[in-house]
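Coordinates from data_29.txt are shown below (compact mmCIF, C-alpha atoms).
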```txt
# COMPACT_ATOMS: atom_id res chain seq x y z
CA SER O 762 -8.16 35.55 -10.21
CA PRO O 763 -7.09 32.09 -8.98
CA THR O 764 -9.33 30.19 -6.60
CA ALA O 765 -8.15 29.53 -3.06
CA PRO O 766 -7.22 25.93 -2.22
CA THR O 767 -9.65 23.98 -0.10
CA THR O 768 -8.82 22.12 3.10
CA PRO O 769 -7.06 18.77 2.55
CA THR O 770 -9.16 15.63 2.85
CA ASN O 771 -8.05 12.19 3.99
CA PRO O 772 -9.70 9.24 2.22
CA THR O 773 -8.76 5.94 3.88
CA PHE O 774 -8.41 2.52 2.28
CA THR O 775 -7.71 -0.92 3.73
CA ALA O 776 -6.31 -4.10 2.26
CA THR O 777 -6.41 -7.59 3.75
CA LEU O 778 -3.08 -9.26 2.95
CA PRO O 779 -3.15 -13.05 2.67
CA PRO O 780 -0.24 -14.79 0.91
CA GLY O 781 -2.79 -16.75 -1.14
CA ASN O 782 -3.56 -13.56 -3.07
CA GLU O 783 -0.07 -13.50 -4.56
CA THR O 784 0.33 -14.48 -8.21
CA PRO O 785 1.67 -17.14 -8.01
CA ALA O 786 0.52 -18.05 -4.48
CA ILE O 787 3.14 -18.33 -1.74
CA VAL O 788 4.20 -21.74 -0.40
CA GLY O 789 6.35 -22.70 2.60
CA GLY O 790 6.56 -21.13 6.03
CA GLU O 791 5.63 -17.62 4.93
CA ALA O 792 2.34 -18.91 3.48
CA ALA O 793 0.94 -19.11 7.04
CA GLY O 794 1.18 -15.35 7.58
CA SER O 795 -1.28 -12.59 6.88
CA GLY O 796 -1.69 -8.90 7.45
CA THR O 797 -3.60 -5.71 6.98
CA ALA O 798 -2.65 -2.38 5.48
CA THR O 799 -4.36 0.93 6.09
CA VAL O 800 -3.61 3.56 3.47
CA THR O 801 -4.53 7.17 4.09
CA ILE O 802 -4.31 9.54 1.15
CA VAL O 803 -4.18 13.22 2.01
CA THR O 804 -5.37 15.26 -0.93
CA THR O 805 -5.28 18.97 -1.51
CA LYS O 806 -7.92 20.30 -3.89
CA ASP O 807 -8.40 23.58 -5.67
CA GLY O 808 -11.59 25.60 -5.51
CA ALA O 809 -13.10 23.52 -8.33
CA GLY O 810 -12.52 20.29 -6.38
CA ASN O 811 -9.63 19.03 -8.51
CA VAL O 812 -6.86 17.18 -6.68
CA THR O 813 -3.69 19.27 -6.96
CA ALA O 814 -1.40 17.30 -4.63
CA ALA O 815 -1.50 14.04 -2.68
CA THR O 816 0.52 12.11 -0.12
CA ALA O 817 0.01 8.66 1.34
CA THR O 818 0.66 7.03 4.70
CA PHE O 819 0.84 3.24 5.04
CA VAL O 820 0.24 1.49 8.37
CA VAL O 821 0.94 -2.25 8.05
CA VAL O 822 0.46 -5.03 10.61
CA MET O 823 1.65 -8.55 9.77
CA SER O 824 1.30 -11.74 11.85
CA GLY O 825 1.83 -15.50 11.58
CA PHE O 826 5.14 -15.23 9.74
CA PRO O 827 8.24 -17.17 10.79
CA ALA O 828 10.42 -15.30 13.29
CA GLY O 829 13.19 -13.43 11.53
CA THR O 830 11.27 -12.92 8.28
CA THR O 831 12.75 -9.79 6.71
CA ILE O 832 10.39 -7.30 5.07
CA SER O 833 12.17 -6.00 1.98
CA ASN O 834 9.53 -3.64 0.57
CA ALA O 835 5.87 -2.61 0.55
CA HIS O 836 3.94 -0.45 -1.88
CA ILE O 837 0.82 0.05 -4.00
CA HIS O 838 0.66 -1.56 -7.45
CA ALA O 839 -1.80 -0.80 -10.26
CA ALA O 840 -3.63 -4.00 -11.26
CA ALA O 841 -6.81 -5.95 -10.67
CA ALA O 842 -6.96 -9.01 -8.42
CA GLY O 843 -5.06 -11.97 -9.83
CA THR O 844 -2.78 -9.92 -12.07
CA ASN O 845 0.55 -8.28 -11.38
CA GLY O 846 1.11 -4.61 -12.07
CA ALA O 847 3.61 -1.79 -11.79
CA VAL O 848 4.45 -0.04 -8.53
CA VAL O 849 2.69 3.34 -8.41
CA VAL O 850 3.21 4.44 -4.78
CA PRO O 851 6.51 3.26 -3.26
CA SER O 852 6.99 3.14 0.51
CA GLY O 853 10.64 4.05 0.65
CA ILE O 854 11.29 1.46 3.38
CA THR O 855 14.69 -0.17 3.31
CA ASN O 856 15.32 -3.90 3.10
CA GLY O 857 15.79 -5.27 6.61
CA ALA O 858 14.41 -2.23 8.46
CA ASN O 859 11.43 -4.36 9.54
CA VAL O 860 12.00 -7.91 10.78
CA VAL O 861 9.33 -10.26 12.14
CA ALA O 862 9.67 -10.77 15.90
CA ALA O 863 9.84 -14.13 17.69
CA ASN O 864 6.05 -14.05 18.12
CA GLY O 865 5.58 -13.86 14.31
CA THR O 866 4.47 -10.23 14.15
CA VAL O 867 5.78 -7.00 12.70
CA SER O 868 4.22 -3.61 12.13
CA PHE O 869 5.55 -0.59 10.31
CA THR O 870 4.50 2.81 9.04
CA ALA O 871 5.63 4.76 5.98
CA ALA O 872 4.37 8.34 6.11
CA ASN O 873 4.11 11.43 3.90
CA LEU O 874 4.81 9.58 0.65
CA THR O 875 4.34 11.95 -2.29
CA ILE O 876 2.06 10.48 -4.95
CA THR O 877 3.32 11.52 -8.37
CA PRO O 878 1.94 12.12 -10.79
CA VAL O 879 -1.16 13.37 -8.99
CA ASP O 880 -3.21 11.47 -11.59
CA VAL O 881 -2.32 8.25 -9.71
CA ALA O 882 -4.15 9.60 -6.65
CA ASN O 883 -7.17 10.42 -8.82
CA GLN O 884 -7.14 6.90 -10.27
CA ILE O 885 -6.97 5.29 -6.80
CA LEU O 886 -9.80 7.49 -5.55
CA ALA O 887 -11.95 6.62 -8.58
CA ASN O 888 -11.25 2.87 -8.63
CA PRO O 889 -9.48 1.53 -5.53
CA ALA O 890 -10.17 -2.09 -6.56
CA GLY O 891 -7.85 -1.52 -9.53
CA PHE O 892 -4.91 -1.22 -7.10
CA TYR O 893 -3.36 -3.58 -4.59
CA PHE O 894 -1.08 -3.24 -1.58
CA ASN O 895 1.85 -5.65 -1.63
CA VAL O 896 4.41 -6.63 1.02
CA HIS O 897 7.66 -8.28 -0.08
CA THR O 898 10.17 -10.33 1.93
CA THR O 899 13.72 -11.45 1.33
CA LEU O 900 12.49 -15.02 0.78
CA ASN O 901 9.66 -13.86 -1.51
CA PRO O 902 10.99 -10.80 -3.34
CA GLY O 903 8.09 -10.86 -5.81
CA GLY O 904 5.65 -10.39 -2.92
CA VAL O 905 4.53 -12.38 0.11
CA ALA O 906 1.08 -10.93 0.87
CA ARG O 907 -1.24 -8.70 -1.10
CA GLY O 908 -4.77 -7.34 -1.17
CA GLN O 909 -6.90 -5.00 -3.23
CA LEU O 910 -7.63 -1.56 -1.80
CA VAL O 911 -11.10 -0.99 -0.37
CA ARG O 912 -12.32 2.51 0.47
CA GLN O 913 -13.55 2.95 4.03
```
Go ahead and render the structure in this file as structure tokens.
Amino acid sequence: SPTAPTTPTNPTFTATLPPGNETPAIVGGEAAGSGTATVTIVTTKDGAGNVTAATATFVVVMSGFPAGTTISNAHIHAAAAGTNGAVVVPSGITNGANVVAANGTVSFTAANLTITPVDVANQILANPAGFYFNVHTTLNPGGVARGQLVRQ
């Protein structure tokens, strides 16, 4: 007989997002900004403790950017610090939905993002430092601020 699923758990990760972490590093007005990302992964496990499903929620706070800076995307990439990697957990935010205010700040949330395949969630849980959170802007479409994930 199949085992009953266990209660979901919510591991949390943070990433400090300075533009200097980008490869190559950001120059110009957007280089003065920074931010933080909190990533919560909700996992569902079977009776044996294996992750059977996972979703993510991103909460991002950015400051010090020029007013009017347009956030074009944000997501998790697979790669170590100093190297660029493929997107593995997209945010689904739309270009221009988040614009930096006159005081240089913007915050946004992307919730209930399905992580597929579920193996990606297992890899993040096992080695968060092998993944980075990246925010992109219209001026810097390759990324404006990034940081490796750290489990809390």
Original post:
Quick one: of O:Ala863, O:Lys806, O:Ala871, O:Ala793, who's nearest to O:His836, counting all atoms listed in the file?
Top reply: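 Distance minimum relative to O:His836 lands on O:Ala871.
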Original post:
Restricting the calculation to only C-alpha atoms, which member of O:Ala887, O:Ala835, O:Val800, O:Leu778 is positioned closest to O:Pro902?
Top reply: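 Smallest separation from O:Pro902 among the options: O:Ala835.
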What are the closest atom pairs, with distances in Å to one decimal, for all residues of stretch 862-905 of chain O lying within 7 Å of stretch 812-823 of chain O? Consider all atoms listed in the file, order rows by chain and residue number, and present the result as JSON lines.
```
{"residue": "O:Thr866", "atom": "CA", "partner": "O:Met823", "partner_atom": "CA", "distance": 5.5}
{"residue": "O:Val867", "atom": "CA", "partner": "O:Met823", "partner_atom": "CA", "distance": 5.3}
{"residue": "O:Ser868", "atom": "CA", "partner": "O:Val822", "partner_atom": "CA", "distance": 4.3}
{"residue": "O:Phe869", "atom": "CA", "partner": "O:Val821", "partner_atom": "CA", "distance": 5.4}
{"residue": "O:Thr870", "atom": "CA", "partner": "O:Val820", "partner_atom": "CA", "distance": 4.5}
{"residue": "O:Ala871", "atom": "CA", "partner": "O:Phe819", "partner_atom": "CA", "distance": 5.1}
{"residue": "O:Ala872", "atom": "CA", "partner": "O:Thr818", "partner_atom": "CA", "distance": 4.2}
{"residue": "O:Asn873", "atom": "CA", "partner": "O:Thr816", "partner_atom": "CA", "distance": 5.4}
{"residue": "O:Leu874", "atom": "CA", "partner": "O:Ala817", "partner_atom": "CA", "distance": 4.9}
{"residue": "O:Thr875", "atom": "CA", "partner": "O:Thr816", "partner_atom": "CA", "distance": 4.4}
{"residue": "O:Ile876", "atom": "CA", "partner": "O:Thr816", "partner_atom": "CA", "distance": 5.3}
{"residue": "O:Val879", "atom": "CA", "partner": "O:Ala814", "partner_atom": "CA", "distance": 5.9}
{"residue": "O:Ala882", "atom": "CA", "partner": "O:Ala815", "partner_atom": "CA", "distance": 6.5}
```
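Across the model, the gap from atom CA of O:His838 to atom CA of O:Ser852 is 11.2 Å.
In this structure, atom CA of O:Leu886 sits 8.2 Å away from atom CA of O:Arg912.
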Please build the interface table for stretch 783-888 of chain O against stretch 774-777 of chain O with a cut-off of 8 Å, listing for each qualifying residue the nearest atom pair and the distance in Å to one decimal; count all atoms listed in the file, order rows by chain and increasing number, and write it as a tab-separated table.
```
residue	atom	partner	partner_atom	distance
O:Ser795	CA	O:Thr777	CA	7.8
O:Gly796	CA	O:Thr777	CA	6.1
O:Thr797	CA	O:Thr777	CA	4.7
O:Ala798	CA	O:Ala776	CA	5.2
O:Thr799	CA	O:Thr775	CA	4.5
O:Val800	CA	O:Phe774	CA	5.1
O:Thr801	CA	O:Phe774	CA	6.3
```
**OP:** May I ask which of the residues O:Thr831, O:Thr844, O:Gln913, O:Asn771 is the closest one to O:Gly865, counting only C-alpha atoms?
**Re:**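 Smallest separation from O:Gly865 among the options: O:Thr831.
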Original post:
For O:Val788, which residue out of O:Val896, O:Asn888, O:Asn811, O:Ala906 is the nearest one, using only C-alpha atoms?
Top reply: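 Answer, going by the shortest atom-to-atom distance: O:Ala906.
Atom to atom, atom CA of O:Ile854 and atom CA of O:Gly829 stand 17.1 Å apart.
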Subject >> Polymer residues at most 12 Å from O:Val905, all atoms listed in the file, same-chain spacing of 2 or more positions, as a count of residues only >> reply: 39
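Ranking O:Val848, O:Val881, O:Ala828, O:Ala839 by their shortest atom-to-atom distance to O:Gln909, with all atoms listed in the file included, puts O:Ala839 first.
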Contacts of O:Ala840 at 8 Å or less, counting only C-alpha atoms, minus same-chain residues fewer than 3 places along, as a PDB file with C-alpha atoms, keeping the file's coordinate frame?
```
ATOM      1  CA  THR O 844      -2.780  -9.920 -12.070  1.00  0.00           C
ATOM      2  CA  ASN O 845       0.550  -8.280 -11.380  1.00  0.00           C
ATOM      3  CA  GLY O 846       1.110  -4.610 -12.070  1.00  0.00           C
ATOM      4  CA  ALA O 847       3.610  -1.790 -11.790  1.00  0.00           C
ATOM      5  CA  GLY O 891      -7.850  -1.520  -9.530  1.00  0.00           C
ATOM      6  CA  PHE O 892      -4.910  -1.220  -7.100  1.00  0.00           C
ATOM      7  CA  TYR O 893      -3.360  -3.580  -4.590  1.00  0.00           C
TER       8      TYR O 893
END
```
